[in-house]
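Structure first, commentary second.
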Amino acid sequence: MVFDNKFIQQRIEKAEILRKEGYNPYSNDSKRNTTVEKYLNVNSDIADKENQRDENRHYIVSGRIKLLRIMGKASFAKIEDESGMLQIYVARDNLPEGFYNNIFKKNIEVGDIIEVAGYPFVTGKGELSLHATELNLLTKAISPLPEKFHGVTDKEIRYRKRYLDLIMNADVRKTFKIRSKVISLTRHFFEDKGFLEVETPMMHPIAGGANAKPFVTHHNALGIDRYLRIAPELYLKRLIVGGFEAVFEINRNFRNEGMDATHNPEFTSIEFYWAYKTYRDLIEITKEYFQYLFEHLNLPTRLPYADMEVNFANFTEVPLIESLTTIGGVPPEVTNDKDKIVAFLNSKNITVKPGMNLGQLQGELFDEFVEEKLIDPTFITEYPVEISPLARRSDENPEITERFELFIAGREIANAFSELNDPIDQLGRFEAQGEAKESGDDEAHEMDVDFVEALSYGMAPTAGQGIGIDRLVMLLTNEHSIRDVLLFPAMKPIHVEEKNIEEEN
RNA sequence: GUCUUGUUAGCUCAGCUGGUAGAGCACGUCACUUUUAAUGAUGUGGCCGAUGGUUCGAAUCCAUCACAGGACACCA
């Protein structure tokens, strides 16, 4: 039985007593006329009044009891609604005959959601409170709350029962409000720039737009497998072919890979595509976007992150190859020679898969020696073509692409490029990815003939970018695990004990 | 996927080199009409994550499993 815990049994009994006494423990009759925050604001003048009270004012507030101090014929309680915490004073003689002793003291307790009517006053210790003249139970909590001082700290409980975490930890609510705001601001920023928000499929016949392993599901009606999307890129570009000139999508992507502090199987990103623009324009709009976020979130330009301090007013730009030497300390003669890179990596006790091409090895060097050193926002540009299957080649040097990734606090936050719109080149890149797949790279990009055909109708020169929203929120809230910015992070299901199954049978 | 550290009351945690389970909060009862983690008295509460093994005896030692945290690998 779910509710066989003795504390729960006790509370169920109290609910039953209340019902018998004529109080519905799950009443739907809320008469709240203000929030805690508004109450505290509106009545901030009470401290200056005679007797520090005003019995002519009348408010009804609602909230969950977080603390209860019963002192004989009077009690203090702290109730909390979404906007804040309020102390209420409940005295026997201000309530209907018998209510305080028989109902309030005996059957209402921490965790319950109540509604309190009364007038504002300030206590002897100077706390603006509410003097109760009426008190009603709205919802009986039959499970007890965690401990009042330490709350719930066990990460497993916090993630599995996020509702409990939210009840107990005000900071957690704050983080998710910031997350919501970031998404809302992002939407407004791009809408104001004339971008159109679109929705593209979550279930793809071919998992494309990134190098990653997909989740597979099955469509019974058609008898075919579908892949949860790993990126919306190829669909958004089809829309550019179709004539939309600026589109964006904020939504989930799914990747069937490991889980850790920065990876959840489903994660949120914004991708936006902008016709008649290049990656140079994306660098500018990205700076503007960050400025907009910081302004509207009221954040200082210098933010702490772990033991770092990030200066969001200091955006710099470094080509990838250059960063290997200037930031990574890799000798310049090494960076453009496959064998020398392998030898160099081996000398640092790093082994690489055989058969990697020059671009992939340069990417290895970057990951090993540069990435974690990029604290202030840094655009790393000019990525090798081998590791950029969807990016446009540079006109000056066909071996590199018009691409950048943005790194902040040692992490990739955004990936952007002038889009490849030459259908013949795109076909060739897919074929090269196919060869990489043959030689063991199971995350190489899939061939997507339908997408190539779309390009063959002509896609205007376009720039496109993806920004990881979860990681961005982590950065802005100084959270170090992606689970702390996801309301319901992925968790393994808990096994049902065999014993219990037998009992139920 | 690998390594590593955890898992004891509703919650937060003790429990030494094996000897039959502890605290605080919460809850029950009593006292208390201005408290701030209220206070004082008193009481209830546990298949010590699961399954095996070693032992006269296991929360404690060993093995396997489950779940979680951290690190690494892969990735965003």
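Labels used: A, B, ... for chains in the order of the structure tokens, numbers from 1 for residues in each chain, and numbers from 1 for ligands as shown.
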Define the interface residues of chain B facing chain A as those within 8 Å, counting only C-alpha atoms (C1' of nucleotides), and report them as a tab-separated table (two decimals) with N, CA, C and O atoms (P, O5', C5', C4', C3', O3' and C1' of nucleotides), in the first residue's frame.
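Writing the result to result_20.tsv gives the following:
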```tsv
chain	number	residue	atom	x	y	z
B	10	G	P	10.45	6.30	7.63
B	10	G	O5'	10.26	7.73	6.93
B	10	G	C5'	9.53	7.86	5.72
B	10	G	C4'	9.30	9.33	5.47
B	10	G	C3'	10.57	10.17	5.48
B	10	G	O3'	11.11	10.28	4.18
B	10	G	C1'	9.01	11.08	7.00
B	11	C	P	12.72	10.18	3.95
B	11	C	O5'	13.23	11.63	4.41
B	11	C	C5'	12.92	12.78	3.64
B	11	C	C4'	13.41	14.01	4.34
B	11	C	C3'	14.90	14.03	4.65
B	11	C	O3'	15.64	14.53	3.56
B	11	C	C1'	13.69	14.60	6.60
B	12	U	P	17.16	14.08	3.36
B	12	U	O5'	17.89	14.76	4.61
B	12	U	C5'	18.14	16.16	4.62
B	12	U	C4'	18.96	16.52	5.83
B	12	U	C3'	20.22	15.68	6.03
B	12	U	O3'	21.27	16.12	5.20
B	12	U	C1'	19.06	15.88	8.08
B	25	C	P	14.55	18.74	18.57
B	25	C	O5'	13.97	18.87	17.09
B	25	C	C5'	14.20	20.05	16.32
B	25	C	C4'	13.81	19.83	14.89
B	25	C	C3'	12.35	19.46	14.64
B	25	C	O3'	11.49	20.59	14.66
B	25	C	C1'	13.74	18.04	13.38
B	26	A	P	10.03	20.49	15.25
B	26	A	O5'	9.35	19.39	14.30
B	26	A	C5'	8.99	19.72	12.96
B	26	A	C4'	8.42	18.49	12.27
B	26	A	C3'	7.23	17.83	12.95
B	26	A	O3'	6.02	18.46	12.59
B	26	A	C1'	8.83	16.19	12.42
B	27	C	P	4.86	18.61	13.67
B	27	C	O5'	4.45	17.10	13.96
B	27	C	C5'	3.78	16.33	12.98
B	27	C	C4'	3.54	14.93	13.49
B	27	C	C3'	2.86	14.84	14.84
B	27	C	O3'	1.46	14.97	14.74
B	27	C	C1'	4.74	13.43	14.84
B	31	A	P	-2.70	20.94	29.02
B	31	A	O5'	-1.45	21.84	29.40
B	31	A	C5'	-1.06	22.02	30.76
B	31	A	C4'	0.17	22.87	30.85
B	31	A	C3'	0.10	24.21	30.11
B	31	A	O3'	-0.66	25.17	30.82
B	31	A	C1'	2.19	23.18	29.72
B	32	C	P	-1.69	26.12	30.01
B	32	C	O5'	-0.73	27.17	29.31
B	32	C	C5'	0.06	28.05	30.11
B	32	C	C4'	1.14	28.67	29.28
B	32	C	C3'	0.65	29.40	28.02
B	32	C	O3'	0.17	30.70	28.31
B	32	C	C1'	2.49	28.02	27.47
B	33	U	P	-1.16	31.25	27.54
B	33	U	O5'	-0.54	32.40	26.61
B	33	U	C5'	0.25	32.09	25.49
B	33	U	C4'	0.21	33.24	24.52
B	33	U	C3'	0.56	34.58	25.15
B	33	U	O3'	1.32	35.31	24.20
B	33	U	C1'	-1.55	34.71	24.10
B	34	U	P	2.61	36.17	24.68
B	34	U	O5'	3.30	36.55	23.31
B	34	U	C5'	3.98	35.56	22.53
B	34	U	C4'	4.76	36.26	21.45
B	34	U	C3'	5.64	37.39	21.97
B	34	U	O3'	6.82	37.44	21.19
B	34	U	C1'	4.10	38.22	20.37
B	35	U	P	8.29	37.13	21.86
B	35	U	O5'	8.75	35.78	21.15
B	35	U	C5'	8.46	34.51	21.73
B	35	U	C4'	8.23	33.53	20.62
B	35	U	C3'	9.32	33.50	19.56
B	35	U	O3'	10.40	32.69	19.95
B	35	U	C1'	7.18	33.56	18.53
B	37	A	P	15.10	31.26	13.73
B	37	A	O5'	14.95	29.84	13.02
B	37	A	C5'	13.80	29.53	12.25
B	37	A	C4'	13.43	28.08	12.50
B	37	A	C3'	13.01	27.78	13.94
B	37	A	O3'	12.02	26.77	13.97
B	37	A	C1'	14.89	26.50	13.38
B	38	A	P	10.57	27.20	14.36
B	38	A	O5'	10.74	27.98	15.75
B	38	A	C5'	10.77	27.24	16.95
B	38	A	C4'	11.11	28.17	18.09
B	38	A	C3'	11.42	27.50	19.41
B	38	A	O3'	12.75	27.02	19.45
B	38	A	C1'	9.92	29.27	19.77
B	66	A	P	22.36	-3.93	-12.16
B	66	A	O5'	21.35	-3.16	-11.19
B	66	A	C5'	19.97	-3.48	-11.21
B	66	A	C4'	19.24	-2.64	-10.19
B	66	A	C3'	19.52	-1.15	-10.27
B	66	A	O3'	18.75	-0.53	-11.29
B	66	A	C1'	19.66	-1.84	-8.03
B	67	C	P	19.38	0.66	-12.17
B	67	C	O5'	19.33	1.91	-11.19
B	67	C	C5'	18.08	2.41	-10.75
B	67	C	C4'	18.26	3.30	-9.55
B	67	C	C3'	19.25	4.45	-9.71
B	67	C	O3'	18.71	5.53	-10.45
B	67	C	C1'	19.63	3.39	-7.66
B	68	A	P	19.69	6.49	-11.28
B	68	A	O5'	20.41	7.32	-10.13
B	68	A	C5'	19.66	8.25	-9.37
B	68	A	C4'	20.50	8.79	-8.24
B	68	A	C3'	21.76	9.53	-8.65
B	68	A	O3'	21.49	10.85	-9.05
B	68	A	C1'	22.26	8.03	-6.90
B	69	G	P	22.47	11.58	-10.07
B	69	G	O5'	23.72	11.96	-9.17
B	69	G	C5'	23.58	12.92	-8.13
B	69	G	C4'	24.85	13.02	-7.35
B	69	G	C3'	26.11	13.29	-8.17
B	69	G	O3'	26.24	14.65	-8.51
B	69	G	C1'	26.54	11.57	-6.63
B	74	C	P	36.54	10.89	-25.94
B	74	C	O5'	35.03	10.68	-26.37
B	74	C	C5'	34.66	9.61	-27.24
B	74	C	C4'	33.16	9.57	-27.40
B	74	C	C3'	32.52	10.87	-27.88
B	74	C	O3'	32.62	11.05	-29.29
B	74	C	C1'	31.31	10.05	-26.04
B	75	C	P	32.88	12.56	-29.85
B	75	C	O5'	31.63	13.38	-29.32
B	75	C	C5'	30.54	13.66	-30.18
B	75	C	C4'	29.29	13.92	-29.39
B	75	C	C3'	28.91	15.38	-29.20
B	75	C	O3'	28.23	15.90	-30.32
B	75	C	C1'	28.76	14.27	-27.13
B	76	A	P	28.48	17.45	-30.76
B	76	A	O5'	27.47	18.32	-29.89
B	76	A	C5'	27.20	19.65	-30.32
B	76	A	C4'	26.89	20.51	-29.14
B	76	A	C3'	27.94	20.49	-28.04
B	76	A	O3'	28.13	21.76	-27.47
B	76	A	C1'	25.87	19.79	-27.17
```
(request) List every residue of stretch 7-248 of chain A that DSSP, applied to the backbone, labels as strand (DSSP E or B), and write the result as an MDAnalysis selection string. (result) chainID A and resid 26 53 59:71 74:81 84:91 113:122 128:139 196:197 203:204 216:219 224:228 246:248
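For A:Pro232, the list of residues within 10 Å, based on only C-alpha atoms (C1' of nucleotides) and with local chain neighbours fewer than 2 positions off taken out, reads A:Glu199, A:Thr200, A:Pro201, A:Met202, A:His204, A:Ala207, A:Gly208, A:Gly209, A:Ala210, A:Arg229, A:Ile230, A:Leu234, A:Tyr235, A:Leu236, A:Lys237, A:Phe248, A:Glu249, A:Ile250, A:Asn251, A:Arg252, A:Asn253, A:Ser269, A:Ile270, A:Glu271, A:Phe272, A:Gly466.
If you look at atom CA of A:Ile321 and atom CA of A:Thr301, they are 28.9 Å away from each other.
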(request) Could you give me the residues within stretch 171-345 of chain A that DSSP places in alpha helix (DSSP H), as a PyMOL selection string? (result) chain A and resi 171-192+233-241+279-296+320-326+338-345
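Closest approach to A:Asn136 among A:Leu18, A:Leu164, A:Val310, A:Ile350 is made by A:Leu18 (distances from only C-alpha atoms).
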(request) Between A:Val473, A:Ile79, A:Met459, A:Val182, single out the one closest to A:Tyr276, counting only C-alpha atoms. (result) A:Met459
(request) Pick out the closest residue to A:Lys161 from this set: A:Asp425, A:Pro300, A:Leu487, A:Gly363. Count only C-alpha atoms. (result) A:Leu487
(message) Which residues are close to B:G15, i.e. within 12 Å by only C-alpha atoms (C1' of nucleotides), leaving aside same-chain residues fewer than 3 positions away? Reply as number ranges by chain.
(response) B: 8, 21-23, 48, 59-60
(message) Can you pull out the residues contacting stretch 366-373 of chain A? Cut-off 9 Å, using only C-alpha atoms (C1' of nucleotides), and skip same-chain residues under 2 positions away; I want them as a PyMOL selection string.
(response) chain A and resi 320-321+323-325+327-330+345+350+361-364+375+407-412
Keeping C-alpha atoms, export the residues of the selection given above as a short mmCIF file (atom, residue, chain, number, x, y, z; two decimals), in the first residue's frame.
```
data_model
loop_
_atom_site.label_atom_id
_atom_site.label_comp_id
_atom_site.auth_asym_id
_atom_site.auth_seq_id
_atom_site.Cartn_x
_atom_site.Cartn_y
_atom_site.Cartn_z
CA LEU A 320 40.73 27.68 -34.70
CA ILE A 321 44.21 26.92 -36.02
CA SER A 323 43.95 29.21 -31.10
CA LEU A 324 45.80 25.88 -31.06
CA THR A 325 49.12 27.69 -30.73
CA ILE A 327 45.86 29.53 -26.47
CA GLY A 328 46.57 25.79 -26.52
CA GLY A 329 50.36 26.05 -26.68
CA VAL A 330 50.62 23.52 -29.51
CA LEU A 345 48.89 13.75 -28.94
CA ILE A 350 46.31 10.87 -25.67
CA LEU A 361 42.82 15.72 -35.57
CA GLN A 362 42.81 19.50 -35.39
CA GLY A 363 39.47 19.21 -33.63
CA GLU A 364 41.09 16.78 -31.18
CA ILE A 375 36.59 31.64 -20.12
CA PHE A 407 32.78 29.18 -26.00
CA ILE A 408 32.11 30.57 -22.53
CA ALA A 409 33.52 29.28 -19.24
CA GLY A 410 35.25 26.45 -21.09
CA ARG A 411 32.08 25.20 -22.74
CA GLU A 412 30.51 25.32 -26.15
#
```
